[in-house]
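Structure data follow from run_18.tsv (TSV, C-alpha atoms):
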chain	number	residue	atom	x	y	z
A	1329	MET	CA	250.40	-7.53	43.55
A	1330	GLY	CA	253.81	-6.52	44.69
A	1331	THR	CA	253.52	-2.90	43.61
A	1332	ILE	CA	253.28	-0.02	46.02
A	1333	GLU	CA	249.73	1.25	45.90
A	1334	LYS	CA	249.98	4.27	48.12
A	1335	ALA	CA	252.94	6.53	48.56
A	1336	ILE	CA	253.59	9.74	50.46
A	1337	LEU	CA	254.86	12.10	47.79
A	1338	ALA	CA	255.48	15.15	49.96
A	1339	VAL	CA	255.00	16.49	53.47
A	1340	VAL	CA	253.99	20.06	54.26
A	1341	THR	CA	254.42	21.20	57.84
A	1342	ARG	CA	254.55	24.20	60.10
A	1343	ASP	CA	256.61	22.37	62.71
A	1344	MET	CA	259.87	20.93	61.43
A	1345	ASP	CA	260.47	19.09	64.72
A	1346	ARG	CA	257.54	16.80	64.10
A	1347	VAL	CA	258.59	15.42	60.73
A	1348	ALA	CA	261.57	13.62	59.23
A	1349	GLY	CA	262.26	10.85	56.76
A	1350	GLY	CA	262.25	9.96	53.10
A	1351	ALA	CA	259.60	12.15	51.52
A	1352	PRO	CA	260.38	15.75	50.52
A	1353	ILE	CA	259.39	18.08	53.34
A	1354	PHE	CA	258.13	21.60	52.69
A	1355	PHE	CA	258.13	24.10	55.50
A	1356	ALA	CA	255.41	26.71	55.81
A	1357	GLU	CA	255.31	29.64	58.20
A	1358	THR	CA	251.58	30.19	58.34
A	1359	GLU	CA	248.38	28.19	57.92
A	1360	ARG	CA	247.66	30.10	54.73
A	1361	GLU	CA	251.04	29.29	53.30
A	1362	MET	CA	250.60	25.64	54.20
A	1363	GLU	CA	247.24	25.50	52.43
A	1364	HIS	CA	248.75	27.16	49.41
A	1365	LEU	CA	251.75	24.82	49.27
A	1366	ALA	CA	249.56	21.75	49.67
A	1367	PHE	CA	247.17	23.02	47.01
A	1368	THR	CA	249.95	23.54	44.50
A	1369	LEU	CA	251.59	20.23	45.30
A	1370	GLU	CA	248.28	18.45	44.97
A	1371	LYS	CA	247.78	19.77	41.47
A	1372	ILE	CA	251.36	19.12	40.37
A	1373	LEU	CA	251.80	15.66	41.85
A	1374	ASP	CA	248.26	14.43	41.24
A	1375	GLY	CA	248.20	13.11	44.77
A	1376	MET	CA	245.61	13.95	47.37
A	1377	ALA	CA	246.29	16.28	50.28
A	1378	HIS	CA	245.41	14.84	53.69
A	1379	ARG	CA	245.63	16.56	57.04
A	1380	LEU	CA	247.36	14.51	59.68
A	1381	ASP	CA	247.16	17.05	62.47
A	1382	PRO	CA	246.67	20.81	62.65
A	1383	VAL	CA	250.24	21.54	61.55
A	1384	THR	CA	251.02	18.71	59.12
A	1385	MET	CA	249.67	17.73	55.76
A	1386	ILE	CA	250.77	14.90	53.49
A	1387	ILE	CA	250.31	14.46	49.75
A	1388	VAL	CA	249.45	10.86	48.99
A	1389	ARG	CA	249.06	9.12	45.68
A	1390	HIS	CA	246.25	6.58	45.69
A	1391	THR	CA	246.04	4.21	42.76
B	793	MET	CA	213.12	-33.00	-1.49
B	794	LYS	CA	214.80	-33.99	1.73
B	795	LEU	CA	217.65	-31.67	1.00
B	796	GLU	CA	215.25	-28.86	0.42
B	797	LEU	CA	213.69	-29.32	3.85
B	798	TYR	CA	217.13	-29.17	5.36
B	799	THR	CA	217.92	-26.01	3.46
B	800	GLN	CA	214.72	-24.44	4.69
B	801	ALA	CA	215.60	-25.43	8.23
B	802	VAL	CA	219.05	-23.93	7.96
B	803	ILE	CA	217.70	-20.68	6.56
B	804	ALA	CA	215.03	-20.43	9.25
B	805	GLY	CA	217.58	-21.14	11.98
B	806	LEU	CA	219.97	-18.62	10.55
B	807	VAL	CA	217.35	-15.89	10.35
B	808	VAL	CA	215.99	-16.50	13.85
B	809	GLY	CA	219.48	-16.70	15.34
B	810	PHE	CA	220.45	-13.45	13.69
B	811	LEU	CA	217.26	-11.72	14.81
B	812	ALA	CA	217.88	-12.96	18.33
B	813	ARG	CA	221.35	-11.43	18.23
B	814	ILE	CA	219.95	-8.12	17.00
B	815	ARG	CA	217.39	-8.21	19.79
B	816	MET	CA	220.12	-8.79	22.35
B	817	LEU	CA	222.42	-6.16	20.94
B	818	ARG	CA	221.63	-2.89	22.55
B	819	THR	CA	223.82	0.13	22.67
B	820	ASP	CA	222.56	2.21	25.55
B	821	TYR	CA	224.02	4.88	27.81
B	822	ARG	CA	227.09	2.75	28.27
B	823	GLN	CA	227.80	3.17	24.57
B	824	TYR	CA	229.05	-0.34	24.37
B	825	PRO	CA	229.41	-2.05	21.95
B	826	THR	CA	230.50	1.08	20.23
B	827	TYR	CA	228.55	2.25	17.24
B	828	PRO	CA	228.94	1.46	14.35
B	829	HIS	CA	231.97	-0.81	14.15
B	830	GLY	CA	231.65	-2.53	17.50
B	831	GLN	CA	228.14	-3.47	16.49
B	832	VAL	CA	229.23	-4.75	13.09
B	833	ILE	CA	231.69	-7.07	14.80
B	834	HIS	CA	229.05	-8.53	17.05
B	835	LEU	CA	226.41	-8.87	14.34
B	836	SER	CA	228.90	-10.75	12.16
B	837	LEU	CA	229.83	-13.06	15.00
B	838	GLY	CA	226.13	-13.50	15.70
B	839	LEU	CA	225.58	-14.58	12.10
B	840	ILE	CA	228.36	-17.14	12.37
B	841	ALA	CA	226.88	-18.43	15.62
B	842	ALA	CA	223.43	-18.67	14.04
B	843	ALA	CA	224.84	-20.59	11.08
B	844	LEU	CA	226.56	-23.06	13.40
B	845	GLY	CA	223.42	-23.68	15.39
B	846	ALA	CA	221.22	-24.03	12.31
B	847	VAL	CA	223.53	-26.42	10.47
B	848	ALA	CA	223.97	-28.67	13.49
B	849	VAL	CA	220.47	-30.20	13.25
B	850	PRO	CA	220.60	-31.44	9.62
B	851	ALA	CA	224.11	-32.67	10.23
B	852	LEU	CA	222.99	-34.71	13.22
B	853	LEU	CA	219.96	-36.09	11.40
B	854	ASP	CA	222.23	-37.24	8.60
B	855	ARG	CA	224.18	-39.14	11.23
B	856	ASP	CA	227.13	-36.94	10.62
B	857	TYR	CA	228.05	-36.96	14.28
B	858	THR	CA	231.47	-35.47	13.77
B	859	ALA	CA	229.66	-32.23	13.00
B	860	VAL	CA	229.18	-31.80	16.73
B	861	THR	CA	232.88	-31.24	17.10
B	862	PHE	CA	232.35	-28.04	15.19
B	863	LEU	CA	230.31	-26.76	18.10
B	864	THR	CA	233.29	-27.18	20.38
B	865	LEU	CA	235.25	-25.14	17.91
B	866	ALA	CA	232.55	-22.50	18.15
B	867	ALA	CA	232.78	-22.52	21.93
B	868	GLN	CA	236.50	-21.93	21.63
B	869	GLN	CA	235.85	-19.10	19.23
B	870	PHE	CA	233.39	-17.36	21.51
B	871	ARG	CA	235.62	-17.68	24.50
B	872	GLU	CA	238.04	-15.76	22.37
B	873	VAL	CA	235.36	-13.10	21.93
B	874	ARG	CA	235.18	-12.79	25.68
B	875	ASN	CA	238.93	-12.29	25.88
B	876	MET	CA	238.82	-9.72	23.15
B	877	GLU	CA	236.10	-7.75	24.90
B	878	ARG	CA	237.90	-7.94	28.20
B	879	GLU	CA	241.10	-6.66	26.68
B	880	THR	CA	239.48	-3.80	24.80
B	881	LEU	CA	237.46	-2.68	27.80
B	882	SER	CA	240.43	-2.88	30.18
B	883	LYS	CA	242.46	-0.73	27.81
B	884	MET	CA	239.69	1.82	27.50
B	885	ASP	CA	239.14	1.78	31.23
B	886	GLN	CA	242.53	3.34	31.83
B	887	MET	CA	241.33	6.43	29.99
B	888	GLU	CA	238.18	6.93	32.05
B	889	LEU	CA	237.90	9.59	34.74
B	890	VAL	CA	235.87	7.12	36.77
B	891	PRO	CA	236.81	3.60	35.64
B	892	ARG	CA	234.32	0.78	35.23
B	893	GLY	CA	236.36	-1.60	37.33
B	894	GLY	CA	237.31	-5.20	36.72
B	895	SER	CA	234.03	-6.79	37.78
B	896	TYR	CA	231.96	-4.64	35.47
B	897	ILE	CA	234.26	-5.48	32.56
B	898	GLU	CA	234.13	-9.20	33.34
B	899	GLY	CA	230.35	-8.93	33.47
B	900	ILE	CA	230.15	-7.29	30.05
B	901	ALA	CA	232.63	-9.74	28.51
B	902	MET	CA	230.71	-12.67	29.95
B	903	VAL	CA	227.49	-11.32	28.47
B	904	PHE	CA	228.99	-11.25	24.99
B	905	GLU	CA	230.03	-14.87	25.21
B	906	GLY	CA	226.73	-15.95	26.72
B	907	ARG	CA	224.66	-14.20	24.09
B	908	ASN	CA	226.44	-16.03	21.29
B	909	TYR	CA	225.53	-19.34	22.88
B	910	LEU	CA	221.94	-18.18	23.13
B	911	VAL	CA	222.06	-17.43	19.42
B	912	ILE	CA	223.37	-20.94	18.68
B	913	PHE	CA	220.63	-22.38	20.86
B	914	SER	CA	217.89	-20.30	19.19
B	915	ALA	CA	219.07	-21.30	15.72
B	916	PHE	CA	219.31	-24.95	16.77
B	917	ILE	CA	215.78	-25.09	18.19
B	918	THR	CA	214.24	-23.27	15.25
B	919	SER	CA	215.98	-25.44	12.71
B	920	LEU	CA	214.86	-28.54	14.60
B	921	ALA	CA	211.27	-27.25	14.73
B	922	VAL	CA	211.22	-26.66	10.98
B	923	ILE	CA	212.44	-30.17	10.26
B	924	ILE	CA	209.95	-31.78	12.63
B	925	GLY	CA	206.85	-29.71	12.08
B	926	GLY	CA	207.40	-27.55	9.02
B	927	TRP	CA	207.16	-23.82	8.70
B	928	VAL	CA	204.37	-23.24	11.19
B	929	SER	CA	206.10	-24.83	14.15
B	930	GLY	CA	209.36	-23.26	12.97
B	931	THR	CA	207.84	-19.79	13.11
B	932	VAL	CA	206.33	-20.40	16.52
B	933	ALA	CA	209.62	-21.75	17.89
B	934	GLY	CA	211.50	-18.87	16.32
B	935	MET	CA	209.27	-16.24	17.86
B	936	PHE	CA	209.44	-17.96	21.21
B	937	MET	CA	213.24	-18.08	21.09
B	938	ILE	CA	213.48	-14.40	20.16
B	939	TRP	CA	211.13	-13.54	23.00
B	940	LEU	CA	213.15	-15.73	25.37
B	941	SER	CA	216.45	-14.12	24.41
B	942	GLY	CA	214.86	-10.74	25.05
B	943	ARG	CA	213.85	-11.94	28.49
B	944	LEU	CA	217.30	-13.26	29.26
B	945	ARG	CA	218.88	-10.03	28.14
B	946	SER	CA	218.65	-8.06	31.32
B	947	GLY	CA	219.32	-9.08	34.87
B	948	LYS	CA	218.45	-7.48	38.18
B	949	TYR	CA	218.87	-3.85	39.05
B	950	LEU	CA	220.25	-2.34	42.22
B	951	GLY	CA	216.84	-0.88	43.04
B	952	ASP	CA	215.54	-4.46	43.41
B	953	ILE	CA	217.96	-5.36	46.16
B	954	ALA	CA	218.58	-2.10	48.01
B	955	GLU	CA	217.04	1.18	49.10
B	956	VAL	CA	218.67	4.34	47.83
B	957	THR	CA	218.25	7.49	49.90
B	958	GLU	CA	219.88	10.85	50.32
B	959	GLY	CA	222.53	11.30	52.98
B	960	THR	CA	224.01	14.49	54.36
B	961	LEU	CA	227.64	15.27	53.68
B	962	ARG	CA	229.42	16.86	56.61
B	963	PHE	CA	232.95	17.59	57.71
B	964	GLU	CA	234.41	16.99	61.14
B	965	GLY	CA	237.69	18.82	60.80
B	966	PRO	CA	239.24	17.35	57.66
B	967	ASN	CA	237.17	14.16	57.89
B	968	LEU	CA	234.28	13.75	55.51
B	969	TYR	CA	231.20	11.79	56.56
B	970	VAL	CA	227.94	10.97	54.84
B	971	ASP	CA	225.44	10.74	57.70
B	972	ASP	CA	227.44	8.55	60.12
B	973	ILE	CA	229.63	6.73	57.59
B	974	TYR	CA	233.26	7.85	57.39
B	975	LEU	CA	234.39	8.52	53.83
B	976	MET	CA	237.84	10.13	53.74
B	977	ASN	CA	240.26	12.73	54.97
B	978	VAL	CA	240.23	15.86	52.83
B	979	GLY	CA	243.19	18.08	53.63
B	980	LEU	CA	242.59	21.19	51.58
B	981	VAL	CA	239.96	23.71	52.59
B	982	ASP	CA	239.47	24.40	48.90
B	983	ASP	CA	238.57	20.75	48.23
B	984	GLN	CA	236.32	20.68	51.28
B	985	GLU	CA	234.39	23.68	50.01
B	986	ARG	CA	233.99	22.23	46.56
B	987	ILE	CA	232.81	18.91	47.95
B	988	GLN	CA	230.24	20.76	50.08
B	989	GLN	CA	229.12	22.70	47.05
B	990	PHE	CA	229.06	20.04	44.33
B	991	GLY	CA	229.02	16.78	46.23
B	992	LEU	CA	225.98	14.62	46.73
B	993	GLY	CA	225.72	12.18	49.61
B	994	ILE	CA	223.86	8.93	49.04
B	995	ILE	CA	223.11	6.05	51.40
B	996	ILE	CA	222.40	2.61	49.98
B	997	THR	CA	220.68	0.29	52.44
B	998	PRO	CA	220.60	-3.40	51.54
B	999	LYS	CA	217.16	-5.03	51.70
B	1000	ASP	CA	218.34	-8.40	53.02
B	1001	LYS	CA	221.33	-10.49	54.01
B	1002	ASP	CA	222.13	-11.56	50.47
B	1003	SER	CA	222.13	-8.08	49.06
B	1004	ARG	CA	224.29	-6.88	51.94
B	1005	VAL	CA	227.10	-9.07	50.64
B	1006	THR	CA	226.41	-8.16	47.03
B	1007	ILE	CA	226.62	-4.41	47.49
B	1008	SER	CA	229.73	-4.71	49.61
B	1009	ASN	CA	231.57	-6.06	46.55
B	1010	ILE	CA	234.13	-3.50	45.45
B	1011	GLY	CA	233.42	-4.15	41.79
B	1012	GLN	CA	229.73	-3.52	42.31
B	1013	ARG	CA	230.50	-0.28	44.12
B	1014	GLN	CA	232.80	0.87	41.35
B	1015	ALA	CA	230.06	0.04	38.83
B	1016	ILE	CA	227.69	2.36	40.69
B	1017	LEU	CA	230.21	5.19	40.66
B	1018	HIS	CA	230.99	4.62	36.99
B	1019	ASP	CA	227.36	4.54	35.90
B	1020	VAL	CA	226.47	7.70	37.77
B	1021	SER	CA	229.48	9.46	36.25
B	1022	ALA	CA	228.66	8.17	32.77
B	1023	ILE	CA	225.07	9.38	32.94
B	1024	MET	CA	225.18	12.45	35.15
B	1025	GLY	CA	228.67	13.61	34.23
B	1026	VAL	CA	231.41	14.05	36.78
B	1027	TYR	CA	232.90	17.11	38.43
B	1028	ARG	CA	236.47	15.95	38.20
B	1029	ASP	CA	239.67	16.11	36.18
B	1030	THR	CA	243.24	14.91	36.22
B	1031	GLY	CA	245.28	16.86	38.73
B	1032	GLU	CA	242.23	17.07	41.02
B	1033	PRO	CA	242.75	14.02	43.18
B	1034	GLY	CA	240.73	15.53	45.99
B	1035	LEU	CA	237.56	15.35	43.95
B	1036	VAL	CA	236.96	11.66	43.68
B	1037	PRO	CA	233.62	9.90	43.85
B	1038	LEU	CA	233.90	7.04	46.31
B	1039	SER	CA	231.98	4.59	48.40
B	1040	LYS	CA	232.57	3.33	51.93
B	1041	ARG	CA	230.79	0.72	53.95
B	1042	ASP	CA	229.32	0.93	57.38
B	1043	LEU	CA	230.88	-2.13	58.97
B	1044	LYS	CA	228.09	-2.60	61.49
B	1045	ASP	CA	225.10	-2.99	59.19
B	1046	GLY	CA	226.52	-3.12	55.67
B	1047	ARG	CA	225.02	0.16	54.46
B	1048	LEU	CA	226.96	1.93	51.76
B	1049	GLY	CA	227.84	5.61	51.94
B	1050	LEU	CA	228.53	7.32	48.63
B	1051	LEU	CA	230.15	10.60	47.73
B	1052	LEU	CA	229.14	11.55	44.20
B	1053	LEU	CA	230.18	14.55	42.20
B	1054	PRO	CA	227.68	14.76	39.36
B	1055	GLN	CA	228.00	17.53	36.82
B	1056	GLU	CA	224.27	18.09	37.09
B	1057	ARG	CA	223.42	18.19	40.74
B	1058	ASP	CA	219.98	16.60	40.57
B	1059	LEU	CA	219.22	14.39	43.55
B	1060	GLN	CA	216.09	12.65	42.26
B	1061	ARG	CA	217.63	11.74	38.94
B	1062	THR	CA	220.82	10.52	40.60
B	1063	ILE	CA	218.81	8.23	42.85
B	1064	GLU	CA	216.95	6.90	39.79
B	1065	VAL	CA	220.24	6.27	38.01
B	1066	ILE	CA	221.63	4.36	40.98
B	1067	LYS	CA	218.50	2.23	41.21
B	1068	ARG	CA	219.01	1.21	37.59
B	1069	VAL	CA	222.62	0.17	37.97
B	1070	PRO	CA	222.81	-3.48	36.97
B	1071	VAL	CA	223.60	-5.98	39.70
B	1072	LEU	CA	226.82	-7.59	38.52
B	1073	GLU	CA	226.69	-11.33	38.13
B	1074	GLY	CA	230.13	-11.64	39.65
B	1075	ALA	CA	229.07	-9.74	42.77
B	1076	VAL	CA	225.97	-11.75	43.61
B	1077	ARG	CA	226.26	-13.90	46.73
B	1078	MET	CA	223.54	-15.97	48.31
B	1079	PRO	CA	224.59	-16.70	51.88
B	1080	THR	CA	220.99	-17.54	52.75
B	1081	GLU	CA	221.13	-20.50	50.35
B	1082	SER	CA	223.88	-22.12	52.37
B	1083	GLY	CA	223.17	-25.15	54.52
B	1084	GLY	CA	224.56	-23.34	57.54
B	1085	ASN	CA	221.48	-21.17	57.80

Represent the structure from my file as structure tokens, please.
Amino acid sequence: MGTIEKAILAVVTRDMDRVAGGAPIFFAETEREMEHLAFTLEKILDGMAHRLDPVTMIIVRHT
Amino acid sequence: MKLELYTQAVIAGLVVGFLARIRMLRTDYRQYPTYPHGQVIHLSLGLIAAALGAVAVPALLDRDYTAVTFLTLAAQQFREVRNMERETLSKMDQMELVPRGGSYIEGIAMVFEGRNYLVIFSAFITSLAVIIGGWVSGTVAGMFMIWLSGRLRSGKYLGDIAEVTEGTLRFEGPNLYVDDIYLMNVGLVDDQERIQQFGLGIIITPKDKDSRVTISNIGQRQAILHDVSAIMGVYRDTGEPGLVPLSKRDLKDGRLGLLLLPQERDLQRTIEVIKRVPVLEGAVRMPTESGGN
């Protein structure tokens, strides 16, 4: 339909070397902090948190 | 005297048509048409349809053939009803936590149009019966038509074409499975815990080749999710995108894996509800009827 259906709204990571690009990137020091950041972002952005690998999570809006 | 017979026929047709519409108008758990004004709209349209059907017979018998063109006008009118229903439902759908989905809406809209034609037909037959055989045959025809419209009211249910059983929800890392069917990636431990606590895993196994295609239809799947949420409630809100009821297919054998988040976590009732989900007309496929088989 021409519209973008899914979009990465934010990236939360514990390893800055592994991520780059257009979406806002949030850096976390610990696993706990990463969980907390992702949780807050999920609620604010209304996008779902997915875990890509042990140190990276992305917030994705599905419509 | 002749005129009087015609008047009787029109009245009989009108009454039977209207009764048929009342019989086919049912506001159930779906709360649609909405009560009371949604119902008033449809009863009024039903009355108009009944009048059209009832008047058609005397008009034809008087060799007033142009009267038939009025029926085409009616068809136009009722197609408009379908559009109206589609528009209203699509608008309302945007405000649902678990939307009905396009196929469900099309199905409902189609039903409204179809039922008006049934009303015209009932009124037509009854009016004809009164003119041919008087009141007795008119009453018999009328009762038969009302019974018939009752029969045509409901279609098949999901329980007729598929088995519904419980499945176990489990996580492999962030990945959620119901039995062996992959559902989704849940990133937050918090969401994972809540899904474990409130989620219900369901497996829908198609009974044959035809139903395998039918239940794979995305509209049909959304209808299941919507109905369960409408009846059992849903553990979900805006800003909680992790808690979303969803369905995924096993590509190998066409089974459907469901994650449900009912407010009341009652497995037996949920299974009953799923079995009573209507099979959407737009989702039905009959591959076994093809010449290739």

Worksheet item: Hey, what's within 9 Å of B:Ser929 if we count all atoms listed in the file and toss same-chain stuff fewer than 6 positions away? As a list in words, please?
Response: Thr918, Ala921 and Val922 of chain B

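The shortest atom-to-atom distance to A:Ala1377, with all atoms listed in the file taken into account, belongs to B:Asn977 out of B:Glu985, B:Asn977, B:Gly991, B:Ser1021.
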
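Considering the residues A:Ile1336, A:Met1344, A:Ile1353, A:Met1385 and counting all atoms listed in the file, chain B has its shortest atom-to-atom contact with A:Met1385.
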
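Going from atom CA of B:Pro828 over to atom CA of B:Asp885, you cover 19.7 Å.
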
Item to complete: Please provide the set of residues having any atom within 8 Å of A:Leu1369, restricted to all atoms listed in the file, with same-chain residues fewer than 4 positions apart removed, written as a PyMOL selection string.
Response: chain A and resi 1338+1365+1373-1375+1387

Save the residues we just selected, C-alpha atoms, as a PDB file, in the coordinates of the input?
ATOM      1  CA  ALA A1338     255.480  15.150  49.960  1.00  0.00           C
ATOM      2  CA  LEU A1365     251.750  24.820  49.270  1.00  0.00           C
ATOM      3  CA  LEU A1373     251.800  15.660  41.850  1.00  0.00           C
ATOM      4  CA  ASP A1374     248.260  14.430  41.240  1.00  0.00           C
ATOM      5  CA  GLY A1375     248.200  13.110  44.770  1.00  0.00           C
ATOM      6  CA  ILE A1387     250.310  14.460  49.750  1.00  0.00           C
TER       7      ILE A1387
END

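Summary of the local environment: counting only C-alpha atoms, residues at most 8 Å from A:Val1383, other than itself and those fewer than 2 positions away along its chain, are Thr1341, Arg1342, Asp1343, Glu1359, Leu1380, Asp1381 and Met1385 of chain A.
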
Item to complete: List every protein, DNA or RNA residue that has an atom no more than 6 Å from (223.8, 5.0, 47.5) in the file's coordinate frame, counting only C-alpha atoms, and report them as a PyMOL selection string.
Response: chain B and resi 956+994-996+1050

Please tell me which residues are no farther than 7 Å from (238.5, -6.2, 31.4) in the file, counting only C-alpha atoms, and write them as a compact mmCIF listing (two decimals) with C-alpha atoms, keeping the file's coordinate frame.
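The result, stored in selection27.txt:
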# COMPACT_ATOMS: atom_id res chain seq x y z
CA ARG B 878 237.90 -7.94 28.20
CA GLU B 879 241.10 -6.66 26.68
CA LEU B 881 237.46 -2.68 27.80
CA SER B 882 240.43 -2.88 30.18
CA GLY B 894 237.31 -5.20 36.72
CA ILE B 897 234.26 -5.48 32.56
CA GLU B 898 234.13 -9.20 33.34

Practice prompt. Name the residues in contact with B:Ala915 at a cut-off of 7 Å, using only C-alpha atoms, excluding same-chain residues fewer than 6 positions from it; report them as a ChimeraX atom specification.
Written response: /B:805-806,808-809,842,845-846

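Taking atom CA of B:Gly838 as the reference point, atom CA of B:Arg813 is found at 5.8 Å.
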
Discussion item. For B:Asp972, find every residue with an atom within 12 Å (counting all atoms listed in the file), except residues of its own chain fewer than 5 positions away, and show them as a ChimeraX atom specification.
Written reply: /B:959-964,967,993-995,1040-1045,1047-1050

Contacts of chain B with chain A up to 6 Å, shortest pair per row, only C-alpha atoms, as JSON lines:
{"residue": "B:Asn977", "atom": "CA", "partner": "A:His1378", "partner_atom": "CA", "distance": 5.7}
{"residue": "B:Val978", "atom": "CA", "partner": "A:His1378", "partner_atom": "CA", "distance": 5.3}
{"residue": "B:Gly979", "atom": "CA", "partner": "A:His1378", "partner_atom": "CA", "distance": 3.9}
{"residue": "B:Gly1031", "atom": "CA", "partner": "A:Asp1374", "partner_atom": "CA", "distance": 4.6}
{"residue": "B:Pro1033", "atom": "CA", "partner": "A:Met1376", "partner_atom": "CA", "distance": 5.1}
{"residue": "B:Gly1034", "atom": "CA", "partner": "A:Met1376", "partner_atom": "CA", "distance": 5.3}

Worksheet entry | Between atom CA of B:Ile1016 and atom CA of B:Glu1081 - distance in Å to one decimal | 25.7 Å
